[in-house]
Amino acid sequence: MPIVAQSTETTDWVSRFADEVIEESERRAPGKPVVVASGLSPSGPIHLGNLREVMTPHLVADEIRRRGHQVRHLISWDDYDRYRKVPAGVPGVDETWAEHIGKPLTSVPAPKGSPYPNWAEHFKAAMVESLAELGVEFDGISQTEQYTSGVYREQILHAMRHRADIDAILAQYRTKKAPAKQQQQKPVDEAELEAAEGSGAAAEDDGSSGSAGYFPYKPYCGNCEKDLTTVTSYDDDSTELTYSCTSCGFSETVRLNEFNRGKLVWKVDWPMRWAYEGVIFEPSGVDHSSPGSSFQVGGQIVGIFGGKQPIGPMYAFVGISGMAKMSSSKGGVPTPADALKIMEPQLLRWLYARRRPNQSFKVAFDQEIQRLYDEWDRLEAKVADGSVLPADAAAHSRAVRTASGELPRTPRPLPYRTLASVADITAGHEDQALRILSDLDPANPLTSLDEARPRYDKAEAWINTHVPADQRTIVRDEPDTELLKSLDEQARESLRLLLDGLADNWSLDGLTHLVYGVPKVQAGFSPDATPKELPAEIKTAQRTFFALLYQLLVSRDTGPRLPTLLLAVGQERVRALLGE
């Protein structure tokens, strides 16, 4: 169902931006499709911070589609940017890739073993696949194709004619120093992932300033393909341009009205594209608050191309909670593909939809993911019974469906922490997993593991890749006879009470009632007594009882939730390990 904004107080941030964008689009380009944009640089793994560059306009574009308007979400693949450095920890890449620094990303070889033709396509492919799983519709634009086919030729010639005007705008900021940034390195599990300015090209210089003056254009060398070039002369009438390469010493004279091997520098390129594409909405990273940032400067330069600056909220950092040791040891930062291995796309969409762009948030790779899933399941229950608040309902709707339809979902969405515990205990044995999950609700048993997929697979992947070996659950093979012999009468009675009730309570709810009820019964209370009816000592007795069960079953003081663990171990084995 479309979510129609009624008032600022009751609508979510997406609806408010959609209102503003539709109004602005009608003012600038009446009757034409609304254009929103993102820019991504495939210079390495495209991480979860970069994903905010896409999800923010996607959510706004999708809301506009739901209202019946035509909209285009452009993703500019900045694959004609220069290759700046060899990223650490990329498999199939070694120090020899340093020889390609300065070339366009599409001219750099892909990592060894990659099926893709070049560096840019290799890293673009993973993001395209993730966006498809997330339900993000977009029109992709390769900047390599745009520049090398001559699409921007008139814009380049226009920029060269107005180079003095561009230089004057940039000069206003060259003497202003941006606030010094802290260079302290953070561990990956505390890292804040920020998408750099639009294309990831924030560090690029703002033009070629040699003895011949300022030029907003950089040729790629005709010999070594690198952009370490300086324009030494240019004639506006003939468009004859001469450049020299400081890397290999090559120089040549070309006619710019026929030459397609170069690009506008980033601070000119971005606003040129705003004007060329008619972009109404494009967000930018928090770095754009600094003096001389690309977004700030672009707001002035775009007028030279006859365009206007887009509506563009600055978006805050995306943090990472407990990045997997497996990934962090490779020196990488988590990508959308990494997140989608352990969580359903609905949950990941929800994380980006429920927070305003200027609010930071974390994507969980540690135990926090279980709490997030619990929160998500509670939200689903509120949506189902009609008790959900309007803003939460909007965020939920944006998470589970797009204007094109509902995202595929798990038929039986069992609790994530339960699925993770079962995957942990069964260590990949699907028949055992199905047996345990079927016992959760004997009145409505699971008949196939497929009913719990893909959530089960995500939970299993989380257990296998993000839970350290020393935290995995290993059920004992034999009873701990020494511990059993050492128990006092009260502890032995607690085990007897549990064993006596196993058969009649062999379900998730039944075992939950049983394990919490044993200490109550021992203290003379009803097993149905509520916490308000019980003295504080009961909680202490329960913790002591639980610790005993964990020791006897898995030789640790803690572990998966006991009802799930008991179901996983199986009634016969539980009886043996508890000394019956």
# chains A, B, ... in the order shown; residues from 1 in each chain; ligands from 1
$ select_by_dssp --residues "stretch 24-216 of chain A" --states "helix (DSSP H, G or I)" --output "JSON, numbers by chain"
{"A": [24, 25, 26, 27, 28, 48, 49, 50, 51, 52, 53, 54, 55, 56, 57, 58, 59, 60, 61, 62, 63, 64, 65, 66, 95, 96, 97, 98, 99, 100, 105, 106, 107, 119, 120, 121, 122, 123, 124, 125, 126, 127, 128, 129, 130, 131, 132, 133, 143, 144, 145, 146, 147, 148, 153, 154, 155, 156, 157, 158, 159, 160, 161, 163, 164, 165, 166, 167, 168, 169, 170, 171, 172, 173, 174, 188, 189, 190]}
$ residues_around --residues "stretch 271-277 of chain A" --least-positions-apart "5" --cutoff "7 Å" --atoms "only C-alpha atoms" --output "PyMOL selection string"
chain A and resi 298+301-302+305-309
$ write_last_selection --atoms "N, CA, C and O atoms" --output "PDB file, in the first residue's frame"
ATOM      1  N   GLY A 298      30.455  22.520  -5.614  1.00  0.00           N
ATOM      2  CA  GLY A 298      29.628  22.142  -6.749  1.00  0.00           C
ATOM      3  C   GLY A 298      28.361  22.961  -6.854  1.00  0.00           C
ATOM      4  O   GLY A 298      27.853  23.209  -7.954  1.00  0.00           O
ATOM      5  N   ILE A 301      29.503  25.833  -8.927  1.00  0.00           N
ATOM      6  CA  ILE A 301      29.976  25.489 -10.272  1.00  0.00           C
ATOM      7  C   ILE A 301      28.839  24.999 -11.161  1.00  0.00           C
ATOM      8  O   ILE A 301      28.852  25.202 -12.374  1.00  0.00           O
ATOM      9  N   VAL A 302      27.810  24.367 -10.565  1.00  0.00           N
ATOM     10  CA  VAL A 302      26.724  23.814 -11.375  1.00  0.00           C
ATOM     11  C   VAL A 302      26.039  24.891 -12.215  1.00  0.00           C
ATOM     12  O   VAL A 302      25.549  24.634 -13.321  1.00  0.00           O
ATOM     13  N   PHE A 305      27.127  25.364 -15.782  1.00  0.00           N
ATOM     14  CA  PHE A 305      26.581  24.397 -16.740  1.00  0.00           C
ATOM     15  C   PHE A 305      25.069  24.574 -16.931  1.00  0.00           C
ATOM     16  O   PHE A 305      24.421  23.745 -17.561  1.00  0.00           O
ATOM     17  N   GLY A 306      24.516  25.616 -16.345  1.00  0.00           N
ATOM     18  CA  GLY A 306      23.097  25.887 -16.511  1.00  0.00           C
ATOM     19  C   GLY A 306      22.192  25.033 -15.649  1.00  0.00           C
ATOM     20  O   GLY A 306      20.998  24.894 -15.946  1.00  0.00           O
ATOM     21  N   GLY A 307      22.723  24.463 -14.583  1.00  0.00           N
ATOM     22  CA  GLY A 307      21.929  23.594 -13.718  1.00  0.00           C
ATOM     23  C   GLY A 307      21.796  24.140 -12.310  1.00  0.00           C
ATOM     24  O   GLY A 307      22.267  25.230 -11.992  1.00  0.00           O
ATOM     25  N   LYS A 308      21.128  23.371 -11.455  1.00  0.00           N
ATOM     26  CA  LYS A 308      20.954  23.714 -10.053  1.00  0.00           C
ATOM     27  C   LYS A 308      21.435  22.564  -9.182  1.00  0.00           C
ATOM     28  O   LYS A 308      21.363  21.391  -9.577  1.00  0.00           O
ATOM     29  N   GLN A 309      21.884  22.930  -8.008  1.00  0.00           N
ATOM     30  CA  GLN A 309      22.328  21.910  -7.052  1.00  0.00           C
ATOM     31  C   GLN A 309      21.141  21.071  -6.594  1.00  0.00           C
ATOM     32  O   GLN A 309      20.051  21.603  -6.352  1.00  0.00           O
TER      33      GLN A 309
END
$ residues_around --residues "A:Pro411" --least-positions-apart "4" --cutoff "9 Å" --atoms "only C-alpha atoms" --output "list in words"
Asp450, Glu451, Ala452, Arg453 and Pro454 of chain A
$ write_last_selection --atoms "N, CA and C atoms" --output "PDB file, in the first residue's frame"
ATOM      1  N   ASP A 450      13.103 -25.979   4.597  1.00  0.00           N
ATOM      2  CA  ASP A 450      12.871 -24.881   3.642  1.00  0.00           C
ATOM      3  C   ASP A 450      11.877 -23.861   4.185  1.00  0.00           C
ATOM      4  N   GLU A 451      10.979 -24.309   5.077  1.00  0.00           N
ATOM      5  CA  GLU A 451      10.018 -23.375   5.660  1.00  0.00           C
ATOM      6  C   GLU A 451      10.712 -22.315   6.511  1.00  0.00           C
ATOM      7  N   ALA A 452      11.878 -22.654   7.039  1.00  0.00           N
ATOM      8  CA  ALA A 452      12.625 -21.721   7.894  1.00  0.00           C
ATOM      9  C   ALA A 452      13.709 -20.978   7.124  1.00  0.00           C
ATOM     10  N   ARG A 453      13.774 -21.200   5.825  1.00  0.00           N
ATOM     11  CA  ARG A 453      14.798 -20.546   5.007  1.00  0.00           C
ATOM     12  C   ARG A 453      14.216 -19.309   4.323  1.00  0.00           C
ATOM     13  N   PRO A 454      15.039 -18.262   4.057  1.00  0.00           N
ATOM     14  CA  PRO A 454      16.497 -18.236   4.211  1.00  0.00           C
ATOM     15  C   PRO A 454      16.988 -17.855   5.607  1.00  0.00           C
TER      16      PRO A 454
END
$ residues_around --residues "A:Ile463" --least-positions-apart "2" --cutoff "10 Å" --atoms "only C-alpha atoms" --output "list of chain:residue names"
A:Ile342, A:Asp366, A:Gln367, A:Leu419, A:Ala420, A:Ser421, A:Val422, A:Ala423, A:Asp424, A:Ile425, A:Ala427, A:Asp457, A:Lys458, A:Ala459, A:Glu460, A:Ala461, A:Thr465, A:His466, A:Val467, A:Pro468, A:Ala469, A:Gln471, A:Arg472
$ residues_around --residues "stretch 91-104 of chain A" --least-positions-apart "4" --cutoff "8 Å" --atoms "only C-alpha atoms" --output "PyMOL selection string"
chain A and resi 79-86+108+111-113+220+225-228
$ write_last_selection --atoms "N, CA, C and O atoms" --output "PDB file, in the first residue's frame"
ATOM      1  N   ASP A  79      33.870   4.597 -12.555  1.00  0.00           N
ATOM      2  CA  ASP A  79      34.908   3.652 -12.965  1.00  0.00           C
ATOM      3  C   ASP A  79      35.964   4.282 -13.866  1.00  0.00           C
ATOM      4  O   ASP A  79      36.887   3.600 -14.301  1.00  0.00           O
ATOM      5  N   TYR A  80      35.801   5.591 -14.173  1.00  0.00           N
ATOM      6  CA  TYR A  80      36.834   6.284 -14.927  1.00  0.00           C
ATOM      7  C   TYR A  80      37.723   7.111 -14.001  1.00  0.00           C
ATOM      8  O   TYR A  80      38.577   7.855 -14.447  1.00  0.00           O
ATOM      9  N   ASP A  81      37.499   6.976 -12.688  1.00  0.00           N
ATOM     10  CA  ASP A  81      38.398   7.591 -11.710  1.00  0.00           C
ATOM     11  C   ASP A  81      39.763   6.932 -11.779  1.00  0.00           C
ATOM     12  O   ASP A  81      39.897   5.785 -12.223  1.00  0.00           O
ATOM     13  N   ARG A  82      40.747   7.633 -11.280  1.00  0.00           N
ATOM     14  CA  ARG A  82      42.105   7.074 -11.243  1.00  0.00           C
ATOM     15  C   ARG A  82      42.207   6.008 -10.153  1.00  0.00           C
ATOM     16  O   ARG A  82      41.547   6.070  -9.115  1.00  0.00           O
ATOM     17  N   TYR A  83      43.046   5.034 -10.413  1.00  0.00           N
ATOM     18  CA  TYR A  83      43.397   4.017  -9.410  1.00  0.00           C
ATOM     19  C   TYR A  83      44.395   4.673  -8.466  1.00  0.00           C
ATOM     20  O   TYR A  83      45.489   5.060  -8.871  1.00  0.00           O
ATOM     21  N   ARG A  84      44.013   4.817  -7.185  1.00  0.00           N
ATOM     22  CA  ARG A  84      44.803   5.619  -6.258  1.00  0.00           C
ATOM     23  C   ARG A  84      45.829   4.825  -5.460  1.00  0.00           C
ATOM     24  O   ARG A  84      46.919   5.316  -5.186  1.00  0.00           O
ATOM     25  N   LYS A  85      45.444   3.651  -5.031  1.00  0.00           N
ATOM     26  CA  LYS A  85      46.350   2.852  -4.199  1.00  0.00           C
ATOM     27  C   LYS A  85      45.937   1.404  -4.256  1.00  0.00           C
ATOM     28  O   LYS A  85      44.813   1.072  -4.666  1.00  0.00           O
ATOM     29  N   VAL A  86      46.827   0.527  -3.831  1.00  0.00           N
ATOM     30  CA  VAL A  86      46.522  -0.902  -3.761  1.00  0.00           C
ATOM     31  C   VAL A  86      45.877  -1.159  -2.397  1.00  0.00           C
ATOM     32  O   VAL A  86      46.529  -1.007  -1.365  1.00  0.00           O
ATOM     33  N   VAL A 108      42.735  -1.157 -15.114  1.00  0.00           N
ATOM     34  CA  VAL A 108      43.521  -1.918 -14.133  1.00  0.00           C
ATOM     35  C   VAL A 108      43.051  -3.366 -14.152  1.00  0.00           C
ATOM     36  O   VAL A 108      41.848  -3.627 -14.161  1.00  0.00           O
ATOM     37  N   PRO A 111      41.622  -8.598  -9.832  1.00  0.00           N
ATOM     38  CA  PRO A 111      42.418  -9.508  -8.998  1.00  0.00           C
ATOM     39  C   PRO A 111      42.568 -10.876  -9.673  1.00  0.00           C
ATOM     40  O   PRO A 111      41.699 -11.309 -10.440  1.00  0.00           O
ATOM     41  N   LYS A 112      43.659 -11.545  -9.375  1.00  0.00           N
ATOM     42  CA  LYS A 112      43.921 -12.867  -9.972  1.00  0.00           C
ATOM     43  C   LYS A 112      42.763 -13.817  -9.671  1.00  0.00           C
ATOM     44  O   LYS A 112      42.264 -13.877  -8.549  1.00  0.00           O
ATOM     45  N   GLY A 113      42.365 -14.552 -10.696  1.00  0.00           N
ATOM     46  CA  GLY A 113      41.284 -15.515 -10.529  1.00  0.00           C
ATOM     47  C   GLY A 113      39.902 -14.942 -10.730  1.00  0.00           C
ATOM     48  O   GLY A 113      38.911 -15.678 -10.707  1.00  0.00           O
ATOM     49  N   TYR A 220      44.233  11.370 -19.790  1.00  0.00           N
ATOM     50  CA  TYR A 220      44.999  10.171 -19.458  1.00  0.00           C
ATOM     51  C   TYR A 220      46.067  10.021 -20.533  1.00  0.00           C
ATOM     52  O   TYR A 220      45.787  10.177 -21.731  1.00  0.00           O
ATOM     53  N   GLU A 225      48.910   5.545 -19.977  1.00  0.00           N
ATOM     54  CA  GLU A 225      47.511   5.542 -19.541  1.00  0.00           C
ATOM     55  C   GLU A 225      47.264   6.223 -18.210  1.00  0.00           C
ATOM     56  O   GLU A 225      46.142   6.227 -17.712  1.00  0.00           O
ATOM     57  N   LYS A 226      48.277   6.828 -17.592  1.00  0.00           N
ATOM     58  CA  LYS A 226      48.113   7.437 -16.274  1.00  0.00           C
ATOM     59  C   LYS A 226      47.684   8.899 -16.395  1.00  0.00           C
ATOM     60  O   LYS A 226      47.872   9.538 -17.427  1.00  0.00           O
ATOM     61  N   ASP A 227      47.123   9.411 -15.303  1.00  0.00           N
ATOM     62  CA  ASP A 227      46.645  10.791 -15.324  1.00  0.00           C
ATOM     63  C   ASP A 227      47.663  11.772 -14.747  1.00  0.00           C
ATOM     64  O   ASP A 227      47.321  12.891 -14.369  1.00  0.00           O
ATOM     65  N   LEU A 228      48.916  11.365 -14.687  1.00  0.00           N
ATOM     66  CA  LEU A 228      49.964  12.237 -14.159  1.00  0.00           C
ATOM     67  C   LEU A 228      50.401  13.202 -15.265  1.00  0.00           C
ATOM     68  O   LEU A 228      51.558  13.243 -15.683  1.00  0.00           O
TER      69      LEU A 228
END
$ closest_residue --among "A:Leu414, A:Ala171, A:Ala212, A:Met314" --to "A:Glu53" --atoms "only C-alpha atoms"
A:Met314
$ residues_around --residues "A:Met127" --least-positions-apart "4" --cutoff "7 Å" --atoms "only C-alpha atoms" --output "list in words"
Ile46, Phe123 and Leu131 of chain A
